[in-house]
Structure formats: structure tokens, C-alpha cells
file upload_9.csv (CSV, C-alpha atoms)
chain,number,residue,atom,x,y,z
A,14,MET,CA,-22.3,-20.5,12.3
A,15,ALA,CA,-21.5,-17.5,14.5
A,16,HIS,CA,-20.6,-14.1,13.1
A,17,VAL,CA,-16.9,-13.1,13.1
A,18,HIS,CA,-16.0,-11.1,16.2
A,19,GLU,CA,-14.0,-8.3,14.7
A,20,SER,CA,-12.6,-7.0,11.4
A,21,LYS,CA,-9.9,-4.4,10.5
A,22,LEU,CA,-9.5,-3.0,7.0
A,23,SER,CA,-6.8,-1.0,5.3
A,24,LEU,CA,-6.0,0.2,1.8
A,25,ARG,CA,-2.2,-0.1,1.1
A,26,ILE,CA,-0.4,1.5,-1.7
A,27,SER,CA,3.4,1.2,-2.0
A,28,GLY,CA,6.3,1.8,-4.3
A,29,ASP,CA,9.8,3.1,-4.5
A,30,THR,CA,8.8,6.4,-6.1
A,31,LEU,CA,5.6,6.9,-4.0
A,32,ILE,CA,5.1,10.4,-2.7
A,33,PRO,CA,2.3,10.2,-0.1
A,34,ASP,CA,1.0,13.8,-0.9
A,35,GLU,CA,0.6,12.8,-4.5
A,36,ILE,CA,-1.6,9.8,-3.6
A,37,THR,CA,-3.6,12.0,-1.2
A,38,ALA,CA,-4.2,14.5,-4.0
A,39,ILE,CA,-5.4,11.9,-6.6
A,40,LEU,CA,-7.5,9.8,-4.2
A,41,GLY,CA,-9.0,12.7,-2.3
A,42,ALA,CA,-8.3,11.5,1.2
A,43,ALA,CA,-5.4,11.6,3.7
A,44,PRO,CA,-3.6,8.5,4.8
A,45,THR,CA,-3.7,7.3,8.4
A,46,PHE,CA,0.0,6.3,7.9
A,47,SER,CA,2.6,7.1,5.2
A,48,HIS,CA,6.3,7.4,4.5
A,49,ILE,CA,8.7,7.7,1.6
A,50,LYS,CA,11.5,5.4,0.6
A,51,GLY,CA,14.6,6.0,2.8
A,52,GLN,CA,12.7,7.6,5.6
A,53,GLU,CA,13.7,6.7,9.2
A,54,LEU,CA,10.9,5.0,11.0
A,55,VAL,CA,10.8,4.5,14.7
A,56,GLY,CA,9.0,1.4,16.1
A,57,LYS,CA,6.3,2.6,18.5
A,58,ASN,CA,6.7,-0.4,20.8
A,59,THR,CA,10.4,-1.1,20.4
A,60,GLY,CA,11.8,2.4,19.7
A,61,ARG,CA,14.1,0.7,17.1
A,62,VAL,CA,14.9,2.8,14.0
A,63,ARG,CA,14.6,1.3,10.6
A,64,ILE,CA,14.9,2.7,7.1
A,65,ALA,CA,11.8,2.4,4.9
A,66,ARG,CA,12.6,0.1,1.9
A,67,SER,CA,9.8,1.7,-0.2
A,68,GLY,CA,7.2,4.4,0.0
A,69,MET,CA,3.8,3.6,1.6
A,70,TRP,CA,0.4,5.3,1.8
A,71,LEU,CA,-2.1,3.5,4.0
A,72,HIS,CA,-5.6,4.3,5.0
A,73,HIS,CA,-7.2,2.3,7.8
A,74,VAL,CA,-11.0,2.6,8.4
A,75,PRO,CA,-12.4,2.1,11.9
A,76,ASP,CA,-12.5,-1.4,13.2
A,77,SER,CA,-15.8,-3.2,13.4
A,78,GLN,CA,-17.2,-5.4,16.2
A,79,PRO,CA,-18.9,-7.5,15.2
A,80,GLU,CA,-17.3,-7.8,11.7
A,81,ASN,CA,-19.0,-5.7,9.0
A,82,LEU,CA,-16.6,-5.8,6.1
A,83,ASP,CA,-19.2,-4.6,3.7
A,84,GLN,CA,-19.7,-1.4,5.7
A,85,GLN,CA,-16.0,-1.0,6.1
A,86,LEU,CA,-15.5,-1.3,2.4
A,87,LYS,CA,-18.3,1.2,1.7
A,88,ASP,CA,-16.8,3.6,4.2
A,89,LEU,CA,-13.4,3.4,2.6
A,90,PHE,CA,-14.5,3.8,-1.0
A,91,ASP,CA,-16.9,6.7,0.0
A,92,LEU,CA,-13.8,8.6,1.0
A,93,LEU,CA,-11.9,8.0,-2.2
A,94,THR,CA,-12.3,8.9,-5.9
A,95,ASP,CA,-14.7,7.0,-8.0
A,96,ASP,CA,-12.6,7.7,-11.1
A,97,LEU,CA,-11.5,4.3,-12.3
A,98,ALA,CA,-8.8,5.9,-14.6
A,99,THR,CA,-7.1,7.2,-11.4
A,100,TRP,CA,-7.1,3.7,-10.0
A,101,MET,CA,-5.6,2.4,-13.2
A,102,LEU,CA,-2.9,5.0,-12.9
A,103,ILE,CA,-2.1,3.9,-9.4
A,104,HIS,CA,-1.7,0.3,-10.5
A,105,GLU,CA,0.6,1.3,-13.3
A,106,ARG,CA,2.9,3.1,-10.9
A,107,TYR,CA,2.5,1.3,-7.6
A,108,SER,CA,1.4,-1.8,-5.8
A,109,ALA,CA,-2.1,-1.5,-4.2
A,110,ASP,CA,-4.2,-3.9,-2.2
A,111,LEU,CA,-6.6,-4.3,0.6
A,112,PHE,CA,-5.6,-5.9,3.9
A,113,CYS,CA,-8.1,-7.3,6.3
A,114,GLY,CA,-7.6,-8.7,9.8
A,115,ILE,CA,-10.2,-11.1,10.9
A,116,PHE,CA,-10.4,-11.8,14.7
A,117,LEU,CA,-12.3,-14.8,15.9
A,118,ASP,CA,-13.8,-15.1,19.4
A,119,GLY,CA,-14.6,-18.8,19.0
A,120,THR,CA,-13.8,-21.8,16.8
A,121,ASN,CA,-16.6,-21.5,14.2
A,122,GLU,CA,-17.3,-18.1,13.0
A,123,GLY,CA,-17.9,-16.9,9.4
A,124,LEU,CA,-18.5,-13.9,7.2
A,125,THR,CA,-19.7,-13.0,3.7
A,126,ILE,CA,-18.8,-10.3,1.3
A,127,SER,CA,-21.6,-8.9,-0.8
A,128,SER,CA,-21.5,-8.8,-4.6
A,129,ALA,CA,-21.6,-5.0,-4.4
A,130,SER,CA,-18.4,-5.0,-2.3
A,131,VAL,CA,-16.8,-7.4,-4.7
A,132,ARG,CA,-17.7,-5.1,-7.5
A,133,LEU,CA,-16.1,-2.1,-5.8
A,134,MET,CA,-12.9,-4.0,-5.3
A,135,ALA,CA,-12.9,-5.5,-8.8
A,136,ASP,CA,-13.6,-2.1,-10.5
A,137,ARG,CA,-10.5,-0.7,-8.8
A,138,ASN,CA,-8.4,-3.9,-9.5
A,139,LEU,CA,-7.8,-4.4,-5.8
A,140,GLU,CA,-7.1,-7.8,-4.3
A,141,ILE,CA,-8.0,-8.4,-0.6
A,142,GLY,CA,-5.8,-10.4,1.7
A,143,PHE,CA,-6.9,-11.8,5.0
A,144,ASP,CA,-5.0,-12.5,8.2
A,145,ILE,CA,-7.2,-14.7,10.4
A,146,TYR,CA,-6.5,-14.7,14.2
A,147,ALA,CA,-7.8,-17.7,16.1
A,148,GLY,CA,-10.2,-17.2,19.0
A,149,ASP,CA,-10.7,-19.5,22.0
A,150,THR,CA,-8.9,-22.7,21.0
A,151,ARG,CA,-9.6,-24.5,24.3
A,152,SER,CA,-12.6,-26.2,22.9
A,153,THR,CA,-10.8,-27.3,19.6
A,154,PRO,CA,-10.5,-31.1,19.3
A,155,THR,CA,-6.8,-32.2,19.7
A,156,GLY,CA,-7.3,-35.5,18.0
A,157,GLY,CA,-5.8,-37.5,20.9
call {"tool": "encode", "arguments": {"input": "upload_9.csv", "output": "C-alpha cells"}}
result
Amino acid sequence: MAHVHESKLSLRISGDTLIPDEITAILGAAPTFSHIKGQELVGKNTGRVRIARSGMWLHHVPDSQPENLDQQLKDLFDLLTDDLATWMLIHERYSADLFCGIFLDGTNEGLTISSASVRLMADRNLEIGFDIYAGDTRSTPTGG
């Protein structure tokens, strides 16, 4: 099994009453993207204006090629508070999760997540979701 080509990782916190500066103050790190509910947002590719339906605080760590999700998780949590009571408070008021993009270069690549990384996520009550983007599908059997 080949190693996954690339990974992207972000912490997302959202909620109707979310004030990004408050999240920054309690977590100890600035977001890479944030907004409040009702704020006008302009699409960088389309230029279309939309109104934010809820507040958002997002911190994206640098992408990794090849995938190194354990290091990305370590880098993220090294920036943020270790105070688990703070994380409980965040979950009481907002929705919080991890989002990971997995980018394959071929048709059979894999990854693992260490128990230490799983513990970091579990201690903070954070789920992780994966979007997996296919690589070269030309060699994939078509069944025909």
C-alpha cells in the first residue's frame, strides 16, 4: 500500500453567537479564517456576495505532502490551549470538529492515525471528518 499523497487539516468552530475574537482569546491562537453571523462574505473565485448563516472560526495548518496527519494534528494542538475545561466550554456553546482533506495520487494509498493523535482528539471531544479525493483513476478496473 502506498502512502497517501497529500493531507489538509482544519479545526472548525461554528455557532450563531460565535465571536471570533472570543475563540481566539480562549484557545490562544488566531484563526486563518473567521466571520460572524450576518457578515457579508465575498467568494474569492466568483465574487458573489453571500450572508453568513452562522459565525465561524477556522484554523488551517499547513498542508502535508506526503500525508502526515499525526504531525499536522500535533502542530495544531501545540498552538492551542491544553485546558480541557476550555474545550468543554466550546462544545457547550458551539459546534466544533476537525476537517481533513485526503488527496490520492493513485488508486491504492493508505494512512494511519496514531493512538496519541486519537487521544488528543478524544480529550477535546473532537470528531474528524474526511473528504477523500481520488487520484489517477485511469488504471481502475471498469468491470466491463
call {"tool": "atom_distance", "arguments": {"input": "upload_9.csv", "atom1": "atom CA of A:Trp70", "atom2": "atom CA of A:Ser127"}}
result
26.3 Å
call {"tool": "residues_around", "arguments": {"input": "upload_9.csv", "residues": "A:Phe116", "least_positions_apart": "5", "cutoff": "10 Å", "atoms": "only C-alpha atoms", "output": "list in words"}}
result
Val17, His18, Glu19, Ser20, Lys21, Gln78, Pro79, Glu80, Glu122, Asp144, Ile145, Tyr146, Ala147 and Gly148 of chain A
call {"tool": "write_last_selection", "arguments": {"input": "upload_9.csv", "atoms": "C-alpha atoms", "output": "tab-separated table (two decimals), in the coordinates of the input"}}
result
chain	number	residue	atom	x	y	z
A	17	VAL	CA	-16.90	-13.10	13.10
A	18	HIS	CA	-16.00	-11.10	16.20
A	19	GLU	CA	-14.00	-8.30	14.70
A	20	SER	CA	-12.60	-7.00	11.40
A	21	LYS	CA	-9.90	-4.40	10.50
A	78	GLN	CA	-17.20	-5.40	16.20
A	79	PRO	CA	-18.90	-7.50	15.20
A	80	GLU	CA	-17.30	-7.80	11.70
A	122	GLU	CA	-17.30	-18.10	13.00
A	144	ASP	CA	-5.00	-12.50	8.20
A	145	ILE	CA	-7.20	-14.70	10.40
A	146	TYR	CA	-6.50	-14.70	14.20
A	147	ALA	CA	-7.80	-17.70	16.10
A	148	GLY	CA	-10.20	-17.20	19.00
call {"tool": "residues_around", "arguments": {"input": "upload_9.csv", "residues": "stretch 100-106 of chain A", "least_positions_apart": "4", "cutoff": "9 Å", "atoms": "only C-alpha atoms", "output": "number ranges by chain"}}
result
A: 26, 28, 30-31, 36, 40, 94-96, 136-138
call {"tool": "residues_near_point", "arguments": {"input": "upload_9.csv", "point": "(14.9, 5.1, 9.1)", "cutoff": "7 Å", "atoms": "all atoms listed in the file", "output": "ChimeraX atom specification"}}
result
/A:51-55,62-65
call {"tool": "atom_distance", "arguments": {"input": "upload_9.csv", "atom1": "atom CA of A:Met69", "atom2": "atom CA of A:Ile49"}}
result
6.4 Å
call {"tool": "closest_residue", "arguments": {"input": "upload_9.csv", "among": "A:Lys57, A:Arg66, A:Leu139, A:Phe46", "to": "A:Ser108", "atoms": "only C-alpha atoms"}}
result
A:Leu139
call {"tool": "residues_around", "arguments": {"input": "upload_9.csv", "residues": "A:Ile141", "least_positions_apart": "6", "cutoff": "8 Å", "atoms": "only C-alpha atoms", "output": "PyMOL selection string"}}
result
chain A and resi 110-113
call {"tool": "atom_distance", "arguments": {"input": "upload_9.csv", "atom1": "atom CA of A:Ser67", "atom2": "atom CA of A:Glu35"}}
result
15.0 Å
call {"tool": "closest_residue", "arguments": {"input": "upload_9.csv", "among": "A:Leu24, A:Gly60, A:Met134, A:His48", "to": "A:Leu97", "atoms": "only C-alpha atoms"}}
result
A:Met134
call {"tool": "closest_residue", "arguments": {"input": "upload_9.csv", "among": "A:Thr125, A:Ser23, A:Leu89, A:Pro75", "to": "A:Ala42", "atoms": "all atoms listed in the file"}}
result
A:Leu89
call {"tool": "residues_around", "arguments": {"input": "upload_9.csv", "residues": "A:Leu133", "least_positions_apart": "6", "cutoff": "9 Å", "atoms": "all atoms listed in the file", "output": "PyMOL selection string"}}
result
chain A and resi 86-87+90+139
call {"tool": "residues_around", "arguments": {"input": "upload_9.csv", "residues": "A:Ile126", "least_positions_apart": "5", "cutoff": "10 Å", "atoms": "all atoms listed in the file", "output": "PyMOL selection string"}}
result
chain A and resi 81-84+86+131
call {"tool": "closest_residue", "arguments": {"input": "upload_9.csv", "among": "A:Asp34, A:Gly41, A:Arg61, A:Ala15", "to": "A:Asp91", "atoms": "all atoms listed in the file"}}
result
A:Gly41
call {"tool": "axis_aligned_box", "arguments": {"input": "upload_9.csv", "around": "stretch 31-38 of chain A", "padding_each_side": "6 Å", "output": "lines of an AutoDock Vina configuration file"}}
result
center_x = 0.7
center_y = 10.7
center_z = -2.3
size_x = 21.8
size_y = 19.6
size_z = 16.4
call {"tool": "build_atoms", "arguments": {"input": "upload_9.csv", "residues": "stretch 126-146 of chain A", "atoms": "N, CA and C atoms", "output": "PDB file, in the frame of the given file"}}
result
ATOM      1  N   ILE A 126     -19.058 -11.585   1.944  1.00  0.00           N
ATOM      2  CA  ILE A 126     -18.800 -10.300   1.300  1.00  0.00           C
ATOM      3  C   ILE A 126     -19.800 -10.188   0.162  1.00  0.00           C
ATOM      4  N   SER A 127     -20.531  -9.103   0.141  1.00  0.00           N
ATOM      5  CA  SER A 127     -21.600  -8.900  -0.800  1.00  0.00           C
ATOM      6  C   SER A 127     -21.043  -8.741  -2.251  1.00  0.00           C
ATOM      7  N   SER A 128     -21.877  -8.993  -3.232  1.00  0.00           N
ATOM      8  CA  SER A 128     -21.500  -8.800  -4.600  1.00  0.00           C
ATOM      9  C   SER A 128     -21.184  -7.296  -4.879  1.00  0.00           C
ATOM     10  N   ALA A 129     -21.887  -6.404  -4.191  1.00  0.00           N
ATOM     11  CA  ALA A 129     -21.600  -5.000  -4.400  1.00  0.00           C
ATOM     12  C   ALA A 129     -20.205  -4.620  -3.884  1.00  0.00           C
ATOM     13  N   SER A 130     -19.773  -5.214  -2.781  1.00  0.00           N
ATOM     14  CA  SER A 130     -18.400  -5.000  -2.300  1.00  0.00           C
ATOM     15  C   SER A 130     -17.377  -5.585  -3.220  1.00  0.00           C
ATOM     16  N   VAL A 131     -17.674  -6.777  -3.717  1.00  0.00           N
ATOM     17  CA  VAL A 131     -16.800  -7.400  -4.700  1.00  0.00           C
ATOM     18  C   VAL A 131     -16.619  -6.553  -5.915  1.00  0.00           C
ATOM     19  N   ARG A 132     -17.721  -5.966  -6.367  1.00  0.00           N
ATOM     20  CA  ARG A 132     -17.700  -5.100  -7.500  1.00  0.00           C
ATOM     21  C   ARG A 132     -16.816  -3.856  -7.276  1.00  0.00           C
ATOM     22  N   LEU A 133     -16.960  -3.241  -6.101  1.00  0.00           N
ATOM     23  CA  LEU A 133     -16.100  -2.100  -5.800  1.00  0.00           C
ATOM     24  C   LEU A 133     -14.646  -2.417  -5.835  1.00  0.00           C
ATOM     25  N   MET A 134     -14.281  -3.585  -5.291  1.00  0.00           N
ATOM     26  CA  MET A 134     -12.900  -4.000  -5.300  1.00  0.00           C
ATOM     27  C   MET A 134     -12.431  -4.315  -6.735  1.00  0.00           C
ATOM     28  N   ALA A 135     -13.246  -5.061  -7.475  1.00  0.00           N
ATOM     29  CA  ALA A 135     -12.900  -5.500  -8.800  1.00  0.00           C
ATOM     30  C   ALA A 135     -12.754  -4.263  -9.764  1.00  0.00           C
ATOM     31  N   ASP A 136     -13.665  -3.299  -9.662  1.00  0.00           N
ATOM     32  CA  ASP A 136     -13.600  -2.100 -10.500  1.00  0.00           C
ATOM     33  C   ASP A 136     -12.298  -1.345 -10.316  1.00  0.00           C
ATOM     34  N   ARG A 137     -11.719  -1.450  -9.117  1.00  0.00           N
ATOM     35  CA  ARG A 137     -10.500  -0.700  -8.800  1.00  0.00           C
ATOM     36  C   ARG A 137      -9.262  -1.675  -8.875  1.00  0.00           C
ATOM     37  N   ASN A 138      -9.502  -2.885  -9.358  1.00  0.00           N
ATOM     38  CA  ASN A 138      -8.400  -3.900  -9.500  1.00  0.00           C
ATOM     39  C   ASN A 138      -7.704  -4.156  -8.212  1.00  0.00           C
ATOM     40  N   LEU A 139      -8.440  -4.231  -7.115  1.00  0.00           N
ATOM     41  CA  LEU A 139      -7.800  -4.400  -5.800  1.00  0.00           C
ATOM     42  C   LEU A 139      -8.092  -5.850  -5.294  1.00  0.00           C
ATOM     43  N   GLU A 140      -7.013  -6.524  -4.948  1.00  0.00           N
ATOM     44  CA  GLU A 140      -7.100  -7.800  -4.300  1.00  0.00           C
ATOM     45  C   GLU A 140      -7.308  -7.519  -2.781  1.00  0.00           C
ATOM     46  N   ILE A 141      -7.872  -8.499  -2.080  1.00  0.00           N
ATOM     47  CA  ILE A 141      -8.000  -8.400  -0.600  1.00  0.00           C
ATOM     48  C   ILE A 141      -7.333  -9.605  -0.010  1.00  0.00           C
ATOM     49  N   GLY A 142      -6.480  -9.341   0.954  1.00  0.00           N
ATOM     50  CA  GLY A 142      -5.800 -10.400   1.700  1.00  0.00           C
ATOM     51  C   GLY A 142      -6.337 -10.442   3.113  1.00  0.00           C
ATOM     52  N   PHE A 143      -6.379 -11.638   3.678  1.00  0.00           N
ATOM     53  CA  PHE A 143      -6.900 -11.800   5.000  1.00  0.00           C
ATOM     54  C   PHE A 143      -5.869 -12.438   5.932  1.00  0.00           C
ATOM     55  N   ASP A 144      -5.687 -11.855   7.098  1.00  0.00           N
ATOM     56  CA  ASP A 144      -5.000 -12.500   8.200  1.00  0.00           C
ATOM     57  C   ASP A 144      -6.068 -12.876   9.198  1.00  0.00           C
ATOM     58  N   ILE A 145      -6.117 -14.156   9.553  1.00  0.00           N
ATOM     59  CA  ILE A 145      -7.200 -14.700  10.400  1.00  0.00           C
ATOM     60  C   ILE A 145      -6.536 -15.062  11.754  1.00  0.00           C
ATOM     61  N   TYR A 146      -7.044 -14.483  12.820  1.00  0.00           N
ATOM     62  CA  TYR A 146      -6.500 -14.700  14.200  1.00  0.00           C
ATOM     63  C   TYR A 146      -7.487 -15.568  14.935  1.00  0.00           C
TER      64      TYR A 146
END
